[in-house]
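Visitor: Please find data-v2.csv (CSV, C-alpha atoms) on the next line:
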chain,number,residue,atom,x,y,z
O,216,MET,CA,-18.9,-6.3,3.7
O,217,THR,CA,-18.0,-5.4,7.3
O,218,LEU,CA,-16.2,-2.1,7.5
O,219,ILE,CA,-14.3,-0.8,10.6
O,220,THR,CA,-16.9,1.9,11.0
O,221,ASP,CA,-19.8,-0.6,10.8
O,222,LYS,CA,-21.5,-1.5,14.0
O,223,ILE,CA,-22.5,-5.2,14.1
O,224,GLN,CA,-25.9,-5.4,15.6
O,225,GLN,CA,-26.6,-9.1,15.7
O,226,LEU,CA,-25.3,-12.6,14.8
O,227,GLU,CA,-28.1,-14.5,13.0
O,228,THR,CA,-26.1,-17.8,12.8
O,229,PRO,CA,-22.9,-18.8,14.6
O,230,ILE,CA,-20.8,-18.3,11.4
O,231,ASP,CA,-21.7,-14.6,11.6
O,232,VAL,CA,-18.9,-14.4,14.1
O,233,MET,CA,-16.8,-13.9,11.0
O,234,PHE,CA,-18.2,-10.3,10.8
O,235,LEU,CA,-16.8,-9.6,14.3
O,236,MET,CA,-13.5,-11.3,13.4
O,237,HIS,CA,-13.1,-9.6,10.1
O,238,LYS,CA,-13.8,-6.2,11.7
O,239,VAL,CA,-11.0,-6.9,14.3
O,240,PHE,CA,-8.6,-8.0,11.6
O,241,LEU,CA,-9.3,-4.9,9.5
O,242,THR,CA,-8.8,-2.7,12.6
O,243,GLN,CA,-5.4,-4.4,13.1
O,244,SER,CA,-4.4,-3.9,9.5
O,245,GLU,CA,-5.4,-0.3,9.6
O,246,LYS,CA,-3.4,0.3,12.8
O,247,ALA,CA,-0.3,-1.5,11.3
O,248,SER,CA,-0.5,0.6,8.1
O,249,GLU,CA,-0.8,3.8,10.1
O,250,LEU,CA,2.2,2.9,12.2
O,251,ALA,CA,4.3,1.8,9.2
O,252,LYS,CA,3.4,5.2,7.6
O,253,ASN,CA,4.4,7.1,10.7
O,254,ALA,CA,7.6,5.2,10.9
O,255,ILE,CA,8.8,6.8,7.6
O,256,GLU,CA,9.0,10.0,9.6
O,257,THR,CA,9.8,8.8,13.1
O,258,ASN,CA,12.0,5.7,12.3
O,259,ASP,CA,10.2,4.0,15.2
O,260,LEU,CA,8.9,0.5,14.5
O,261,LYS,CA,8.6,-0.8,18.0
O,262,GLU,CA,4.8,-0.6,18.3
O,263,PHE,CA,4.4,-1.5,14.6
O,264,LYS,CA,6.2,-4.8,15.2
O,265,SER,CA,4.0,-5.7,18.1
O,266,VAL,CA,0.8,-5.0,16.1
O,267,LEU,CA,2.2,-6.8,13.1
O,268,ASP,CA,3.0,-9.9,15.1
O,269,ASN,CA,-0.5,-10.0,16.6
O,270,TRP,CA,-2.1,-9.4,13.2
O,271,LEU,CA,-0.1,-12.1,11.4
O,272,LYS,CA,-0.5,-14.6,14.3
O,273,LEU,CA,-4.3,-14.1,14.1
O,274,LEU,CA,-4.4,-14.3,10.3
O,275,LEU,CA,-2.3,-17.5,10.1
O,276,TYR,CA,-4.3,-19.3,12.8
O,277,HIS,CA,-7.6,-18.1,11.2
O,278,TYR,CA,-6.8,-19.2,7.7
O,279,GLN,CA,-5.3,-22.6,8.7
O,280,THR,CA,-8.5,-23.2,10.7
O,281,GLU,CA,-10.7,-22.1,7.9
O,282,ASP,CA,-8.9,-24.3,5.3
O,283,GLU,CA,-9.2,-27.3,7.6
O,284,PHE,CA,-12.6,-27.0,9.2
O,285,MET,CA,-14.6,-24.7,6.9
O,286,THR,CA,-13.7,-24.8,3.2
O,287,GLY,CA,-12.4,-28.4,3.6
O,288,PRO,CA,-15.8,-30.0,4.4
O,289,LEU,CA,-17.9,-27.8,2.1
O,290,LYS,CA,-19.0,-28.7,-1.4
O,291,GLU,CA,-17.7,-26.5,-4.2
O,292,LYS,CA,-20.1,-24.2,-6.1
O,293,GLU,CA,-19.5,-22.5,-9.4
O,294,TYR,CA,-21.0,-19.0,-9.5
O,295,HIS,CA,-22.4,-17.6,-12.7
O,296,ASP,CA,-19.2,-15.6,-13.4
O,297,GLY,CA,-17.1,-18.7,-13.3
O,298,ARG,CA,-15.9,-18.1,-9.7
O,299,LEU,CA,-15.3,-21.2,-7.6
O,300,GLY,CA,-15.9,-20.0,-4.1
O,301,LEU,CA,-13.9,-22.5,-2.2
O,302,ARG,CA,-10.9,-22.9,-4.6
O,303,ASP,CA,-10.6,-19.1,-4.8
O,304,ASN,CA,-10.9,-18.7,-1.0
O,305,VAL,CA,-8.0,-21.1,-0.5
O,306,ALA,CA,-5.9,-19.4,-3.2
O,307,GLU,CA,-6.6,-16.0,-1.5
O,308,HIS,CA,-5.4,-17.4,1.8
O,309,ASP,CA,-2.1,-18.5,0.1
O,310,GLU,CA,-1.7,-15.0,-1.4
O,311,ILE,CA,-2.2,-13.4,2.0
O,312,ARG,CA,0.3,-15.7,3.6
O,313,SER,CA,2.8,-14.9,0.9
O,314,LYS,CA,2.1,-11.1,1.3
O,315,GLY,CA,2.6,-11.6,5.1
O,316,ASP,CA,6.1,-13.1,4.4
O,317,ILE,CA,6.9,-10.1,2.2
O,318,VAL,CA,6.0,-7.8,5.0
O,319,LEU,CA,8.2,-9.7,7.5
O,320,ASN,CA,11.0,-9.7,4.9
O,321,ASP,CA,10.7,-5.9,4.4
O,322,TYR,CA,10.7,-5.4,8.1
O,323,GLN,CA,14.0,-7.2,8.3
O,324,LYS,CA,15.4,-4.9,5.6
O,325,THR,CA,14.6,-1.9,7.8
O,326,LEU,CA,16.8,-3.3,10.6
O,327,ASN,CA,19.9,-3.3,8.4
O,328,PRO,CA,19.2,-1.5,5.2
O,329,LYS,CA,22.9,-1.5,4.2
O,330,ASN,CA,22.4,-5.2,3.5
O,331,MET,CA,19.9,-4.5,0.8
O,332,THR,CA,21.0,-5.6,-2.7
O,333,VAL,CA,21.4,-3.2,-5.6
O,334,GLN,CA,18.2,-4.6,-7.1
O,335,GLU,CA,16.4,-4.0,-3.9
O,336,ILE,CA,17.8,-0.5,-3.4
O,337,LEU,CA,17.0,0.5,-7.0
O,338,GLU,CA,13.7,-1.6,-7.1
O,339,MET,CA,14.9,-3.0,-10.4
O,340,ASP,CA,14.2,-6.7,-10.4
O,341,ASP,CA,14.7,-6.8,-14.1
O,342,LEU,CA,18.1,-5.2,-14.2
O,343,GLU,CA,19.0,-7.9,-16.7
O,344,HIS,CA,16.7,-6.3,-19.1
O,345,LEU,CA,18.9,-3.2,-18.9
O,346,LYS,CA,22.0,-5.3,-19.8
O,347,VAL,CA,23.9,-4.1,-16.8
O,348,MET,CA,23.8,-7.3,-14.7
O,349,ASP,CA,27.6,-7.8,-15.1
O,350,LYS,CA,28.2,-4.6,-13.3
O,351,ILE,CA,25.8,-5.2,-10.4
O,352,SER,CA,28.2,-6.9,-7.9
O,353,ALA,CA,30.8,-4.2,-8.7
O,354,VAL,CA,28.5,-1.3,-7.9
O,355,GLN,CA,27.0,-2.8,-4.7
O,356,ASN,CA,29.3,-0.8,-2.4
O,357,SER,CA,29.1,2.3,-4.4
O,358,ILE,CA,25.3,2.3,-4.4
O,359,VAL,CA,25.2,1.8,-0.7
O,360,GLU,CA,27.8,4.5,-0.1
O,361,ALA,CA,26.2,7.0,-2.5
O,362,PHE,CA,22.8,6.8,-0.8
O,363,GLY,CA,24.1,6.6,2.7
O,364,ALA,CA,22.5,5.0,5.8
O,365,GLU,CA,19.7,7.6,6.2
O,366,LYS,CA,18.4,7.4,2.7
O,367,LEU,CA,18.6,3.7,2.7
O,368,LYS,CA,16.7,3.5,5.9
O,369,ALA,CA,14.0,5.8,4.5
O,370,ARG,CA,13.8,3.7,1.4
O,371,SER,CA,13.4,0.5,3.4
O,372,LEU,CA,10.7,2.1,5.5
O,373,ARG,CA,8.8,3.2,2.5
O,374,GLY,CA,9.0,-0.3,1.1
O,375,LEU,CA,7.7,-1.7,4.3
O,376,TYR,CA,4.7,0.7,4.3
O,377,GLN,CA,3.9,-0.3,0.7
O,378,SER,CA,4.0,-4.0,1.5
O,379,VAL,CA,1.8,-3.5,4.5
O,380,LEU,CA,-0.6,-1.6,2.3
O,381,ASP,CA,-0.5,-4.5,-0.2
O,382,LEU,CA,-1.4,-7.0,2.5
O,383,LYS,CA,-4.2,-4.8,3.8
O,384,VAL,CA,-5.8,-4.5,0.4
O,385,VAL,CA,-5.7,-8.2,-0.4
O,386,GLU,CA,-7.0,-8.9,3.0
O,387,PHE,CA,-9.9,-6.5,2.5
O,388,ASP,CA,-10.8,-8.0,-0.9
O,389,HIS,CA,-10.6,-11.5,0.6
O,390,PHE,CA,-13.0,-10.7,3.4
O,391,GLU,CA,-15.4,-9.2,0.9
O,392,ASN,CA,-15.2,-12.3,-1.3
O,393,GLU,CA,-15.5,-14.7,1.7
O,394,GLU,CA,-18.5,-13.0,3.1
O,395,ALA,CA,-20.2,-13.0,-0.3
O,396,PHE,CA,-19.3,-16.4,-1.6
O,397,VAL,CA,-18.1,-18.7,1.2
O,398,LEU,CA,-20.2,-17.8,4.2
O,399,THR,CA,-23.3,-18.3,2.0
O,400,LEU,CA,-22.2,-21.9,1.4
O,401,VAL,CA,-21.5,-22.4,5.1
O,402,ARG,CA,-25.1,-21.3,5.9
O,403,GLU,CA,-26.5,-23.5,3.1
O,404,GLN,CA,-24.5,-26.6,3.9
O,405,MET,CA,-23.7,-26.7,7.6
O,406,THR,CA,-26.2,-27.3,10.3
O,407,TYR,CA,-26.5,-24.8,13.3
O,408,GLU,CA,-24.6,-27.4,15.4
O,409,GLN,CA,-21.8,-27.8,12.8
O,410,GLN,CA,-21.5,-24.0,12.6
O,411,LEU,CA,-21.1,-23.9,16.4
O,412,GLN,CA,-18.3,-26.5,16.3
O,413,LEU,CA,-16.6,-24.5,13.5
O,414,THR,CA,-16.9,-21.3,15.4
O,415,GLU,CA,-15.4,-22.9,18.5
O,416,LYS,CA,-12.3,-23.8,16.4
O,417,LEU,CA,-12.1,-20.3,15.1
O,418,LEU,CA,-12.3,-18.7,18.5
O,419,PHE,CA,-10.3,-21.1,20.7
O,420,ASP,CA,-6.8,-22.4,19.9
O,421,SER,CA,-6.6,-25.8,21.6
O,422,THR,CA,-2.9,-26.1,20.5
O,423,ASP,CA,-1.9,-23.1,22.5
O,424,GLN,CA,-1.1,-22.9,26.2
O,425,ASN,CA,-3.6,-20.1,26.4
O,426,GLU,CA,-6.5,-21.3,24.3
O,427,ASN,CA,-8.3,-18.0,24.9
O,428,TRP,CA,-5.8,-15.8,23.2
O,429,ILE,CA,-8.0,-15.2,20.2
O,430,VAL,CA,-11.2,-14.3,22.2
O,431,ASP,CA,-9.1,-12.2,24.5
O,432,PHE,CA,-7.8,-10.2,21.6
O,433,LEU,CA,-11.3,-9.8,20.0
O,434,PHE,CA,-12.7,-8.5,23.3
O,435,SER,CA,-9.8,-6.0,23.5
O,436,VAL,CA,-10.9,-4.4,20.2
O,437,LEU,CA,-14.7,-4.8,20.0
O,438,ASP,CA,-17.0,-2.3,21.6
O,439,ASP,CA,-19.3,-3.2,24.5
O,440,ASP,CA,-22.3,-4.1,22.4
O,441,GLU,CA,-20.3,-6.3,20.0
O,442,SER,CA,-18.5,-7.9,23.0
O,443,ARG,CA,-21.9,-8.8,24.4
O,444,LEU,CA,-22.8,-10.6,21.1
O,445,LEU,CA,-19.5,-12.5,21.3
O,446,GLU,CA,-20.1,-13.4,25.0
O,447,GLU,CA,-23.5,-14.8,24.1
O,448,LEU,CA,-22.1,-16.9,21.3
O,449,ILE,CA,-19.3,-18.2,23.6
O,450,SER,CA,-21.9,-19.1,26.2
O,451,GLU,CA,-23.7,-21.1,23.6
O,452,ILE,CA,-20.5,-22.8,22.4
O,453,LYS,CA,-19.5,-23.7,25.9
O,454,GLY,CA,-23.0,-24.9,26.6
K,32,MET,CA,18.1,29.8,-5.2
K,33,LYS,CA,16.0,26.8,-5.9
K,34,SER,CA,16.0,24.8,-9.2
K,35,ALA,CA,12.9,23.9,-11.1
K,36,LEU,CA,13.5,20.3,-10.1
K,37,GLU,CA,13.5,21.2,-6.4
K,38,TYR,CA,10.3,23.1,-6.7
K,39,LEU,CA,8.6,20.4,-8.6
K,40,GLY,CA,9.9,17.4,-6.6
K,41,LYS,CA,8.5,18.6,-3.3
K,42,SER,CA,5.2,19.6,-4.9
K,43,LEU,CA,4.9,16.3,-6.7
K,44,THR,CA,5.1,14.3,-3.5
K,45,ASN,CA,2.7,16.6,-1.6
K,46,SER,CA,0.3,16.5,-4.5
K,47,LEU,CA,0.1,12.7,-4.3
K,48,SER,CA,-0.6,12.9,-0.6
K,49,TYR,CA,-3.3,15.4,-1.3
K,50,SER,CA,-4.8,13.2,-4.0
K,51,SER,CA,-5.0,10.3,-1.5
K,52,GLU,CA,-6.9,12.7,0.9
K,53,VAL,CA,-9.3,13.6,-2.0
K,54,LEU,CA,-9.9,9.9,-2.6
K,55,PHE,CA,-11.0,9.5,1.1
K,56,GLU,CA,-13.5,12.4,0.6
K,57,VAL,CA,-15.0,11.1,-2.6
K,58,GLY,CA,-18.7,10.5,-1.9
K,59,GLU,CA,-18.8,13.1,0.8
K,60,THR,CA,-17.3,16.5,-0.1
K,61,LYS,CA,-15.4,15.5,-3.3
K,62,SER,CA,-16.2,13.7,-6.5
K,63,MET,CA,-14.2,11.2,-8.5
K,64,SER,CA,-13.7,14.0,-11.1
K,65,SER,CA,-11.8,16.0,-8.4
K,66,PHE,CA,-9.5,13.1,-7.9
K,67,GLU,CA,-9.0,12.6,-11.6
K,68,LEU,CA,-8.3,16.3,-12.1
K,69,GLU,CA,-5.6,16.1,-9.3
K,70,MET,CA,-4.0,13.2,-10.9
K,71,THR,CA,-4.1,14.7,-14.4
K,72,SER,CA,-2.4,17.8,-13.0
K,73,TRP,CA,0.1,15.5,-11.3
K,74,ALA,CA,0.9,13.7,-14.5
K,75,MET,CA,1.5,16.9,-16.4
K,76,ALA,CA,3.8,18.2,-13.6
K,77,PHE,CA,5.7,14.9,-13.6
K,78,TYR,CA,6.2,15.1,-17.3
K,79,VAL,CA,7.8,18.5,-16.9
K,80,PHE,CA,9.9,17.2,-14.0
K,81,SER,CA,11.0,14.3,-16.1
K,82,GLU,CA,11.8,16.5,-19.1
K,83,ILE,CA,14.0,18.7,-16.9
K,84,GLU,CA,15.7,15.8,-15.2
K,85,LEU,CA,16.6,14.0,-18.3
K,86,SER,CA,18.1,17.1,-19.8
K,87,LEU,CA,20.6,17.5,-16.9
K,88,PRO,CA,24.1,15.9,-16.9
K,89,ILE,CA,24.7,12.7,-14.9
K,90,LEU,CA,27.1,12.9,-12.0
K,91,THR,CA,29.2,9.7,-11.9
K,92,LYS,CA,30.5,8.4,-8.6
K,93,ASP,CA,33.1,5.6,-8.0
K,94,ASP,CA,32.0,2.5,-9.9
K,95,LEU,CA,28.7,4.1,-11.0
K,96,ASP,CA,29.4,5.1,-14.6
K,97,GLU,CA,27.2,7.3,-16.8
K,98,ASP,CA,25.8,4.4,-18.8
K,99,PHE,CA,24.6,2.6,-15.7
K,100,LEU,CA,23.1,5.7,-14.0
K,101,LEU,CA,21.4,6.8,-17.3
K,102,LYS,CA,19.8,3.5,-17.6
K,103,VAL,CA,18.6,3.6,-14.0
K,104,SER,CA,17.2,7.1,-14.5
K,105,GLU,CA,15.4,6.2,-17.7
K,106,PHE,CA,14.1,3.0,-16.0
K,107,ASN,CA,12.8,5.0,-13.0
K,108,ASN,CA,11.0,7.5,-15.3
K,109,GLU,CA,9.4,4.7,-17.3
K,110,GLN,CA,8.3,3.0,-14.2
K,111,LEU,CA,6.8,6.2,-12.8
K,112,MET,CA,4.9,6.8,-16.1
K,113,GLU,CA,3.6,3.2,-16.0
K,114,VAL,CA,2.4,3.4,-12.5
K,115,THR,CA,0.7,6.7,-13.3
K,116,GLN,CA,-1.0,5.1,-16.2
K,117,SER,CA,-2.1,2.2,-13.9
K,118,VAL,CA,-3.8,4.7,-11.6
K,119,PHE,CA,-5.9,6.0,-14.5
K,120,ASP,CA,-6.5,2.4,-15.7
K,121,THR,CA,-7.8,1.3,-12.3
K,122,VAL,CA,-10.1,4.3,-12.2
K,123,ASN,CA,-11.4,3.6,-15.7
K,124,GLU,CA,-11.8,-0.1,-15.2
K,125,GLU,CA,-13.2,-0.2,-11.6
K,126,VAL,CA,-15.1,3.0,-11.0
K,127,SER,CA,-18.6,2.9,-12.4
K,128,GLN,CA,-20.6,6.1,-12.9
K,129,GLY,CA,-18.4,8.0,-10.4
K,130,VAL,CA,-19.4,5.7,-7.5
K,131,LEU,CA,-16.3,4.7,-5.5
K,132,ILE,CA,-16.8,1.5,-3.4
K,133,PRO,CA,-14.4,0.8,-0.5
K,134,ARG,CA,-12.7,-2.1,-2.3
K,135,VAL,CA,-11.9,0.1,-5.3
K,136,ARG,CA,-10.8,3.0,-3.1
K,137,GLY,CA,-8.3,0.5,-1.6
K,138,HIS,CA,-7.0,-0.5,-5.0
K,139,ILE,CA,-6.5,3.1,-6.1
K,140,LEU,CA,-4.9,4.2,-2.8
K,141,ARG,CA,-2.4,1.3,-3.1
K,142,THR,CA,-1.4,2.4,-6.6
K,143,VAL,CA,-1.1,6.1,-5.6
K,144,SER,CA,1.0,5.1,-2.7
K,145,LEU,CA,3.2,3.0,-4.9
K,146,LEU,CA,3.6,6.0,-7.2
K,147,ASN,CA,4.6,8.1,-4.2
K,148,LEU,CA,7.1,5.5,-3.1
K,149,LYS,CA,8.7,5.3,-6.5
K,150,LEU,CA,8.7,9.0,-6.8
K,151,GLN,CA,10.4,9.6,-3.4
K,152,ASN,CA,13.0,6.9,-4.2
K,153,HIS,CA,13.6,8.5,-7.6
K,154,LEU,CA,14.0,12.0,-6.0
K,155,ASP,CA,16.8,10.5,-3.8
K,156,PHE,CA,18.4,9.3,-7.0
K,157,VAL,CA,18.0,12.7,-8.7
K,158,GLU,CA,19.5,14.4,-5.6
K,159,LYS,CA,22.5,12.2,-5.7
K,160,PHE,CA,23.2,11.7,-9.3
K,161,ARG,CA,21.6,14.6,-11.2
K,162,ALA,CA,21.2,17.8,-9.2
K,163,SER,CA,24.2,19.8,-8.2
K,164,PRO,CA,25.0,23.5,-8.0
K,165,GLU,CA,26.9,23.4,-11.3
K,166,SER,CA,24.3,21.5,-13.3
K,167,GLU,CA,21.2,23.1,-11.9
K,168,ASN,CA,19.0,25.0,-14.3
K,169,SER,CA,17.5,28.0,-12.6
K,170,ILE,CA,13.7,28.4,-12.8
K,171,GLN,CA,14.1,31.4,-15.0
K,172,ASP,CA,16.1,29.4,-17.5
K,173,TYR,CA,13.4,26.8,-17.6
K,174,PHE,CA,10.6,29.3,-18.0
K,175,LYS,CA,12.4,31.3,-20.7
K,176,ASN,CA,10.8,29.6,-23.6
K,177,GLU,CA,7.4,28.7,-22.0
K,178,SER,CA,4.1,30.4,-22.5
K,179,GLU,CA,2.5,32.6,-19.8
K,180,GLU,CA,-0.3,30.1,-19.5
K,181,PHE,CA,2.1,27.3,-18.7
K,182,LYS,CA,3.9,29.5,-16.1
K,183,GLU,CA,0.6,30.2,-14.4
K,184,TRP,CA,-0.4,26.5,-14.4
K,185,MET,CA,3.0,25.6,-12.9
K,186,ILE,CA,2.8,28.2,-10.2
K,187,ARG,CA,-0.7,27.0,-9.3
K,188,PHE,CA,0.6,23.4,-9.0
K,189,LEU,CA,3.3,24.4,-6.4
K,190,GLU,CA,2.7,24.6,-2.7
K,191,GLU,CA,1.7,28.0,-1.3
K,192,GLU,CA,5.0,28.9,0.2
K,193,ASP,CA,6.8,27.9,-3.0
K,194,GLN,CA,4.3,29.8,-5.1
K,195,LYS,CA,5.4,33.1,-3.4
K,196,ASP,CA,9.0,32.2,-3.6
K,197,LEU,CA,8.8,31.3,-7.3
K,198,MET,CA,6.8,34.5,-8.2
K,199,ASN,CA,9.5,36.6,-6.5
K,200,GLN,CA,12.1,34.8,-8.5
K,201,LEU,CA,10.3,35.3,-11.8
K,202,ASP,CA,9.6,39.0,-11.1
Just give me the structure of the file as structure tokens.
Guide:
Amino acid sequence: MTLITDKIQQLETPIDVMFLMHKVFLTQSEKASELAKNAIETNDLKEFKSVLDNWLKLLLYHYQTEDEFMTGPLKEKEYHDGRLGLRDNVAEHDEIRSKGDIVLNDYQKTLNPKNMTVQEILEMDDLEHLKVMDKISAVQNSIVEAFGAEKLKARSLRGLYQSVLDLKVVEFDHFENEEAFVLTLVREQMTYEQQLQLTEKLLFDSTDQNENWIVDFLFSVLDDDESRLLEELISEIKG
Amino acid sequence: MKSALEYLGKSLTNSLSYSSEVLFEVGETKSMSSFELEMTSWAMAFYVFSEIELSLPILTKDDLDEDFLLKVSEFNNEQLMEVTQSVFDTVNEEVSQGVLIPRVRGHILRTVSLLNLKLQNHLDFVEKFRASPESENSIQDYFKNESEEFKEWMIRFLEEEDQKDLMNQLD
């Protein structure tokens, strides 16, 4: 599994570009979680929002492309522990999309924490279990007033940090699974030329006005040696 | 003068932050046993905190009656106990022979962070609905019936500045 601290020395086949991409994604998630954590003290989410937007844009494009052009054409393989590499990969993409929505939702809560519901403030989704549901709407204003704007803001920021951490953890697990179970299938089932075509889809967004936005972003994060590996691959893709 | 809850609340949050730092050091300068020891200490201190908190009267406000607030408080305490347990469960289920792989480190850190979030949210609740000058138990009251061994352990658990403060109070 590629870690942020790992230095990627070579790309043996075109699909190994995933190691570079995963490293950049992990760098983004690390940065986002650090900024969300700092915001609990500083109340400042400006830089966080910008990092979050980039991170989610990359993830969403990446998973959509993988579902369509990578896992889609591959043949399923059942591993000895019952894992189905492709099915699980798609399910993990869905889980990450859903976690991304939660982060965005939690970010919205930080903008106006007074609009949080009693359940959200008290983190008690199962208030019904406590047989106090009939009182919930009545206590909404009292709860908001009792905690006050400052404590509610802090509460919403802590919630945001936790949801970013959740996303970061499932993303890491997913990359590890993908590198172990799916990239193996890509190498087994796709020719070198097919891998180059897939890599082109992963690196260039033909639906965007600036189709280079992904590679531009990768270059901005990778070090010189890793950027050189990417440049060589791009030269090969562009022929 | 600080109450036992105030001393413990602050140390409980700091202790969880320190436990996360220990987790990052596992495999380098610390072992998994160091982390487990920190968390065991934390669980004991939280139990004491919970015991004190639940013994204090509830302060009702507006529409927030005693029944509602008691249930919230009990629920929070149960949740905190459950998340604490899940930290130990993750360690027992996912750490093999004291070797911490990055994936598992992430799982444990996420749960410790969740514990810290729930604790800090609960401390806000305690501050609003439990602790008040009239209802505070002084630290001397709390320690009155405890053994010397327990007092020493409790002092060790506190932050350095609070340790001195507490020892002065107990003298």
Visitor: Counting all atoms listed in the file, which of O:Ser352, O:Thr286, O:Asn304, O:Ser371 gets nearest to Ile336 in chain O?
Guide: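 Of O:Ser352, O:Thr286, O:Asn304, O:Ser371, the one nearest Ile336 in chain O is O:Ser371, counting all atoms listed in the file.
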Visitor: Could you write out as a list in words the residues of chain K within 9 Å of chain O, counting only C-alpha atoms?
Guide: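 Close enough to count are Lys92, Asp93, Asp94, Leu95, Asp98, Phe99, Lys102, Val103, Phe106, Asn107, Pro133, Arg134, Gly137, His138, Leu140, Arg141, Ser144, Leu145, Leu148, Lys149, Gln151, Asn152, His153, Asp155, Phe156, Lys159 and Phe160 of chain K.
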Visitor: Point out the residue among O:Leu398, O:Met331, O:Asn392, O:Lys290 with the least atom-to-atom distance to His308 in chain O, counting only C-alpha atoms.
Guide: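 Using only C-alpha atoms, His308 in chain O sits closest to O:Asn392.
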Visitor: From the set O:Leu326, O:Asp296, O:Glu386, O:Leu273, which residue has the shortest atom-to-atom contact distance to Ser313 in chain O, counting all atoms listed in the file?
Guide: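 Comparing O:Leu326, O:Asp296, O:Glu386, O:Leu273 against Ser313 in chain O, the winner is O:Glu386.
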Visitor: What does the distance between CA of Leu189 in chain K and CA of Val114 in chain K come to in Å, to one decimal place?
Guide: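 These two atoms are separated by 21.9 Å.
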Visitor: Which residue is closest to Asn253 in chain O? Choose from O:Leu274, O:Leu375, O:Asp439, O:Glu451 and count only C-alpha atoms.
Guide: O:Leu375
Visitor: Just to confirm, what's the straight-line distance from CA of Thr91 in chain K to CA of Ala364 in chain O in Å (one decimal)?
Guide: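 So the two atoms, CA of Thr91 in chain K and CA of Ala364 in chain O, lie 19.5 Å apart.
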Visitor: Given only C-alpha atoms as the basis, pick out the residue of O:Leu241, O:Leu382, O:Val333, O:Leu433 nearest to Asp309 in chain O.
Guide: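 Among the listed residues, the smallest separation from Asp309 in chain O belongs to O:Leu382.
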Visitor: In Å, with one decimal, what is the gap from CA of Leu87 in chain K to CA of Ser50 in chain K?
Guide: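 Pair CA of Leu87 in chain K / CA of Ser50 in chain K returns 28.8 Å.
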Visitor: With distances taken over all atoms listed in the file, which of O:Glu281, O:Glu262, O:Asn327, O:Gln410 is nearest to Glu227 in chain O?
Guide: O:Gln410
Visitor: N, CA, C and O atoms for range 240-250 of chain O, written as a short mmCIF file (atom, residue, chain, number, x, y, z; two decimals), in the frame of the given file, could you do that?
Guide:
data_model
loop_
_atom_site.label_atom_id
_atom_site.label_comp_id
_atom_site.auth_asym_id
_atom_site.auth_seq_id
_atom_site.Cartn_x
_atom_site.Cartn_y
_atom_site.Cartn_z
N PHE O 240 -9.77 -7.87 12.47
CA PHE O 240 -8.60 -8.00 11.60
C PHE O 240 -8.36 -6.68 10.83
O PHE O 240 -7.23 -6.22 10.68
N LEU O 241 -9.45 -6.12 10.31
CA LEU O 241 -9.30 -4.90 9.50
C LEU O 241 -8.81 -3.73 10.44
O LEU O 241 -8.03 -2.88 10.00
N THR O 242 -9.25 -3.75 11.70
CA THR O 242 -8.80 -2.70 12.60
C THR O 242 -7.27 -2.87 12.85
O THR O 242 -6.53 -1.88 12.88
N GLN O 243 -6.82 -4.12 12.95
CA GLN O 243 -5.40 -4.40 13.10
C GLN O 243 -4.59 -3.93 11.89
O GLN O 243 -3.53 -3.33 12.02
N SER O 244 -5.11 -4.25 10.71
CA SER O 244 -4.40 -3.90 9.50
C SER O 244 -4.32 -2.37 9.32
O SER O 244 -3.31 -1.82 8.87
N GLU O 245 -5.40 -1.71 9.70
CA GLU O 245 -5.40 -0.30 9.60
C GLU O 245 -4.37 0.34 10.57
O GLU O 245 -3.63 1.25 10.21
N LYS O 246 -4.33 -0.23 11.77
CA LYS O 246 -3.40 0.30 12.80
C LYS O 246 -1.93 0.01 12.28
O LYS O 246 -1.07 0.89 12.38
N ALA O 247 -1.70 -1.19 11.75
CA ALA O 247 -0.30 -1.50 11.30
C ALA O 247 0.08 -0.59 10.14
O ALA O 247 1.22 -0.11 10.11
N SER O 248 -0.86 -0.30 9.23
CA SER O 248 -0.50 0.60 8.10
C SER O 248 -0.22 2.00 8.57
O SER O 248 0.70 2.66 8.08
N GLU O 249 -1.01 2.46 9.53
CA GLU O 249 -0.80 3.80 10.10
C GLU O 249 0.59 3.90 10.74
O GLU O 249 1.34 4.86 10.56
N LEU O 250 0.91 2.85 11.54
CA LEU O 250 2.20 2.90 12.20
C LEU O 250 3.37 2.75 11.26
O LEU O 250 4.41 3.40 11.46
#
